[in-house]
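Reviewing the structure listed below.
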Amino acid sequence: MMHSIQQLNEKFAIDGKIHFREGNGDFPLITVSNSHAFAIVSVYGAQLLSYIRCGERDLIWMSDQSVFAHGKAIRGGIPICFPWFGPHPTEKSFPQHGFARLTTWEVDDISQTNDDSTVIQFSMKESADTLPLWPHQFKAAVTIFIGKTIDVKLTVTNTDNAAFEYSDALHTYFNINDIKSTVIEGLQDEMYYEGFDTTLQTQKEALLSFSSETNRRYVNSLSRCIIHDKGYFRKIKVDKGGSKVTVVWNPGAAVTKTMSDMHPDGYLKFVCVEPANAYPGIDTITLNPGESHSISTSIDIIV
Ligand code: TA6
C-alpha cells in the first residue's frame, strides 16, 4: 500500500501537470493540469471530483457540505458503485452502493498521452475489509482519462474459482445551473422503474424535465443522453459502454432537506446520469472465473 503524499509524488508527479496533495479528511488528491482541462481526483474512491475544461465551468458537481471521512461516501463527483448498487439486497447494515467508493485505491499508473491528455489507473482487490461484505476474490480497475473529454471505465475481473454476480454504476453528478430549466434528451420510449416501484413505465416525452424527486432506472437502455443546461448555455453528451441500465436521479427539495451532506438548495445544482448494471435480478453482471467486464462513460460538452 502506498498512500503517503510524498511517496505518491515521488512515483507519479509530472512537473506542472500531476501533483498529489492532502485534501479534506487527509485523503490524497491528484491535481491534473494539462492542455485541455484542470481536474481533481480523489484516491479514496478512485473518484473524479472536478473537471474544468479550459474556458468552461466545472462539468462535475461537488457538495460544499460533503463529509470526507473513512467509511463515508464523498457527496459529488463520479462515485464508483460496486459490487452492489443501492441498498445491499439482503443485509441492510451493509453500506449503500457497495464498498468501492469507501476504499482507498492503489494508484497503478499515471501517464500523459501524445496530445497531453492524462490517464490515471487505479486498482483494488479483495481484502480483510471486503471479504466479510462480499465473499469473492476479484480485481477491480478504474481508468480515468482527462482530456477534451472525460472517460471513466471500471473493469472487474473474477480471480476466484467460482462464478459471482454483481451490480455497478458510475454515479456521475453533473454540475448544472438550475434543475428547473434542465432537460435530458435520449430517453424517449425507454422503459423505466421509478425508485423501488416494480411497475415498468414508458417515457413518452422526448425531453425529461424535473419538477420533484426523480429516481428512474431505465432498463435495457443503451442510449446516449444529452443534458440540455439552458442556464449555462451548454449541452453535455453522455455516452456509455457495457451498461444496460441508465439511472437518472435528482432528489428534489424534500429529500434534500433530509440529507446532512448537502445544502437544502443543493438539488437545484446537479443531476445524476449514471451508466449502470443495476437492479437486483435484472441487468446485473455474472462473471465466471477468469472473466472480466467493463462499464464506461464518456462525457463531452457540445454546443
Ligand atoms: O442513483 C440514485 C440513488 O441510488 C438514489 O436512490 C439515491 O439514494 C442516490 O443514489 C444517492 O445515494 P447515496 O448513498 O450516495 O446517498
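Quick note on naming: the chains in the C-alpha cells go A, B, ... in the order shown, residues restart at 1 in each chain, and ligands are numbered from 1 in order of appearance.
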Kindly provide, as a VMD selection string, all nucleotide and amino acid residues lying within 6 Å of ligand 1, counting only C-alpha atoms and all ligand atoms. chain A and resid 86 96 215 247 249
Requested write-out: all heavy atoms of the selected residues, as a PDB file, in the first residue's frame:
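Produced file again.pdb, reproduced below:
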ATOM      1  N   GLY A  86     -27.235   0.719  -4.788  1.00  0.00           N
ATOM      2  CA  GLY A  86     -28.327   0.973  -3.846  1.00  0.00           C
ATOM      3  C   GLY A  86     -28.092   0.187  -2.566  1.00  0.00           C
ATOM      4  O   GLY A  86     -26.957  -0.195  -2.245  1.00  0.00           O
ATOM      5  N   GLN A  96     -24.566   1.389   1.567  1.00  0.00           N
ATOM      6  CA  GLN A  96     -25.277   1.654   0.308  1.00  0.00           C
ATOM      7  C   GLN A  96     -24.262   1.778  -0.833  1.00  0.00           C
ATOM      8  O   GLN A  96     -23.199   2.366  -0.671  1.00  0.00           O
ATOM      9  CB  GLN A  96     -26.070   2.941   0.522  1.00  0.00           C
ATOM     10  CG  GLN A  96     -26.451   3.695  -0.713  1.00  0.00           C
ATOM     11  CD  GLN A  96     -27.966   3.783  -0.925  1.00  0.00           C
ATOM     12  OE1 GLN A  96     -28.708   2.874  -0.561  1.00  0.00           O
ATOM     13  NE2 GLN A  96     -28.414   4.859  -1.507  1.00  0.00           N
ATOM     14  N   ASN A 215     -36.092   9.503  -9.658  1.00  0.00           N
ATOM     15  CA  ASN A 215     -35.116   8.428  -9.401  1.00  0.00           C
ATOM     16  C   ASN A 215     -35.483   7.263 -10.320  1.00  0.00           C
ATOM     17  O   ASN A 215     -36.144   6.322  -9.924  1.00  0.00           O
ATOM     18  CB  ASN A 215     -35.187   8.017  -7.925  1.00  0.00           C
ATOM     19  CG  ASN A 215     -34.050   7.073  -7.551  1.00  0.00           C
ATOM     20  OD1 ASN A 215     -33.190   6.769  -8.370  1.00  0.00           O
ATOM     21  ND2 ASN A 215     -34.055   6.608  -6.316  1.00  0.00           N
ATOM     22  N   VAL A 247     -29.434   5.272 -14.910  1.00  0.00           N
ATOM     23  CA  VAL A 247     -30.147   5.832 -13.759  1.00  0.00           C
ATOM     24  C   VAL A 247     -30.116   7.347 -13.891  1.00  0.00           C
ATOM     25  O   VAL A 247     -29.072   7.927 -14.211  1.00  0.00           O
ATOM     26  CB  VAL A 247     -29.475   5.412 -12.427  1.00  0.00           C
ATOM     27  CG1 VAL A 247     -30.228   5.999 -11.237  1.00  0.00           C
ATOM     28  CG2 VAL A 247     -29.399   3.893 -12.324  1.00  0.00           C
ATOM     29  N   TRP A 249     -31.140  10.618 -11.560  1.00  0.00           N
ATOM     30  CA  TRP A 249     -31.521  10.941 -10.183  1.00  0.00           C
ATOM     31  C   TRP A 249     -31.368  12.417  -9.878  1.00  0.00           C
ATOM     32  O   TRP A 249     -30.343  13.016 -10.196  1.00  0.00           O
ATOM     33  CB  TRP A 249     -30.654  10.147  -9.185  1.00  0.00           C
ATOM     34  CG  TRP A 249     -30.978  10.415  -7.736  1.00  0.00           C
ATOM     35  CD1 TRP A 249     -32.176  10.208  -7.117  1.00  0.00           C
ATOM     36  CD2 TRP A 249     -30.096  10.933  -6.737  1.00  0.00           C
ATOM     37  NE1 TRP A 249     -32.080  10.563  -5.786  1.00  0.00           N
ATOM     38  CE2 TRP A 249     -30.819  11.018  -5.528  1.00  0.00           C
ATOM     39  CE3 TRP A 249     -28.764  11.339  -6.734  1.00  0.00           C
ATOM     40  CZ2 TRP A 249     -30.256  11.481  -4.342  1.00  0.00           C
ATOM     41  CZ3 TRP A 249     -28.197  11.804  -5.551  1.00  0.00           C
ATOM     42  CH2 TRP A 249     -28.935  11.868  -4.363  1.00  0.00           C
TER      43      TRP A 249
END
All residues 10 Å or closer to A:Ile302, only C-alpha atoms, same chain fewer than 2 positions away omitted, as a list in words: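 Once the adjacent positions are removed, what remains is Ile226, Ile227, His228, Arg234, Lys235, Ile236, Lys237, Ile299 and Asp300 of chain A.
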Which residue out of A:Thr199, A:Gln121, A:Asn158, A:Ser221 has the minimum interatomic distance to A:Thr246 when only C-alpha atoms are used?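 Smallest separation from A:Thr246 among the options: A:Ser221.
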Rank nothing, just name the residue among A:Ala206, A:Cys272, A:Leu222, A:Ala169 nearest to A:Ile60, using only C-alpha atoms.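 The closest residue to A:Ile60 is A:Cys272.
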Judged by only C-alpha atoms, the minimum distance to A:Val107 among A:Asn177, A:Ala13, A:His3, A:Asp168 is found for A:His3
Among stretch 93-294 of chain A, which ones does DSSP place in helix (DSSP H, G or I), written as a PyMOL selection string? chain A and resi 100-102+179-181+252-257+266-269
Can you list every residue in stretch 189-282 of chain A that DSSP puts in strand (DSSP E or B), as a VMD selection string? chain A and resid 191 to 194 201 to 202 207 to 208 214 to 219 225 to 229 234 to 241 245 to 250 270 to 277 279 282
Using only C-alpha atoms, which of the listed residues (A:Tyr51, A:Phe85, A:Trp134, A:Tyr267) sits closest to A:Glu213?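 Closest to A:Glu213 of all the choices is A:Tyr267.
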Can you tell me, as a count of residues only, what residues are no more than 9 Å from A:Lys148 when counting only C-alpha atoms, ignoring any on the same chain fewer than 4 positions away? 8
Can you tell me how far atom CA of A:Thr118 sits from atom CA of A:Ile52, in Å to one decimal?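 Atom CA of A:Ile52 lies 13.6 Å from atom CA of A:Thr118.
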Would you pick out the contacts of A:Leu133 at 10 Å or less, using only C-alpha atoms, so that residues sharing its chain but fewer than 2 positions from it are not included, and give the list as a PyMOL selection string? chain A and resi 83+88+91+94-95+98-99+128-131+135-136
May I ask which of the residues A:Asn161, A:Ser167, A:Gln203, A:Ser212 is the closest one to A:Met191, counting only C-alpha atoms?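 Among the listed residues, A:Gln203 lies closest to A:Met191.
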Of the listed residues A:Glu22, A:Ser50, A:Gly76, A:Thr90, that which approaches A:Met62 most closely, counting only C-alpha atoms: A:Gly76
Applying 9 Å and only C-alpha atoms, which residues near A:Asp64 remain after dropping the ones on its own chain fewer than 5 positions away? List them as a PyMOL selection string. chain A and resi 75+261-263+266
Can you pull out every residue within 8 Å of A:Pro28, counting only C-alpha atoms, but drop anything in the same chain fewer than 3 positions away, and send it as a ChimeraX atom specification? /A:3-5,20-23,42-44
Residues from the last selection, N, CA and C atoms, saved as a PDB file, in the first residue's frame:
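The result, written out as out_33.pdb:
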ATOM      1  N   HIS A   3       0.388   5.171   0.127  1.00  0.00           N
ATOM      2  CA  HIS A   3      -0.588   6.243   0.162  1.00  0.00           C
ATOM      3  C   HIS A   3      -0.050   7.555   0.714  1.00  0.00           C
ATOM      4  N   SER A   4       1.261   7.596   1.096  1.00  0.00           N
ATOM      5  CA  SER A   4       1.723   8.886   1.622  1.00  0.00           C
ATOM      6  C   SER A   4       1.905   9.844   0.445  1.00  0.00           C
ATOM      7  N   ILE A   5       1.611  11.101   0.711  1.00  0.00           N
ATOM      8  CA  ILE A   5       1.673  12.114  -0.357  1.00  0.00           C
ATOM      9  C   ILE A   5       3.081  12.149  -0.955  1.00  0.00           C
ATOM     10  N   PHE A  20       0.239  15.438  -6.271  1.00  0.00           N
ATOM     11  CA  PHE A  20      -0.597  14.929  -5.183  1.00  0.00           C
ATOM     12  C   PHE A  20      -0.564  15.919  -4.030  1.00  0.00           C
ATOM     13  N   ARG A  21      -1.720  16.112  -3.404  1.00  0.00           N
ATOM     14  CA  ARG A  21      -1.753  16.922  -2.177  1.00  0.00           C
ATOM     15  C   ARG A  21      -2.772  16.321  -1.224  1.00  0.00           C
ATOM     16  N   GLU A  22      -2.669  16.761   0.035  1.00  0.00           N
ATOM     17  CA  GLU A  22      -3.593  16.224   1.020  1.00  0.00           C
ATOM     18  C   GLU A  22      -4.884  17.024   0.959  1.00  0.00           C
ATOM     19  N   GLY A  23      -6.005  16.338   0.798  1.00  0.00           N
ATOM     20  CA  GLY A  23      -7.292  17.027   0.777  1.00  0.00           C
ATOM     21  C   GLY A  23      -7.984  16.916   2.124  1.00  0.00           C
ATOM     22  N   SER A  42      -9.844  12.047  -6.381  1.00  0.00           N
ATOM     23  CA  SER A  42      -9.561  11.530  -5.043  1.00  0.00           C
ATOM     24  C   SER A  42      -9.117  10.070  -5.123  1.00  0.00           C
ATOM     25  N   VAL A  43      -8.034   9.740  -4.399  1.00  0.00           N
ATOM     26  CA  VAL A  43      -7.573   8.348  -4.364  1.00  0.00           C
ATOM     27  C   VAL A  43      -8.581   7.510  -3.553  1.00  0.00           C
ATOM     28  N   TYR A  44      -9.163   8.134  -2.533  1.00  0.00           N
ATOM     29  CA  TYR A  44     -10.255   7.491  -1.793  1.00  0.00           C
ATOM     30  C   TYR A  44     -11.460   7.444  -2.726  1.00  0.00           C
TER      31      TYR A  44
END
Do a neighbour search on stretch 288-293 of chain A at 6 Å with only C-alpha atoms, toss out local chain neighbours closer than 6 positions, and write the hits as number ranges by chain. A: 155-163
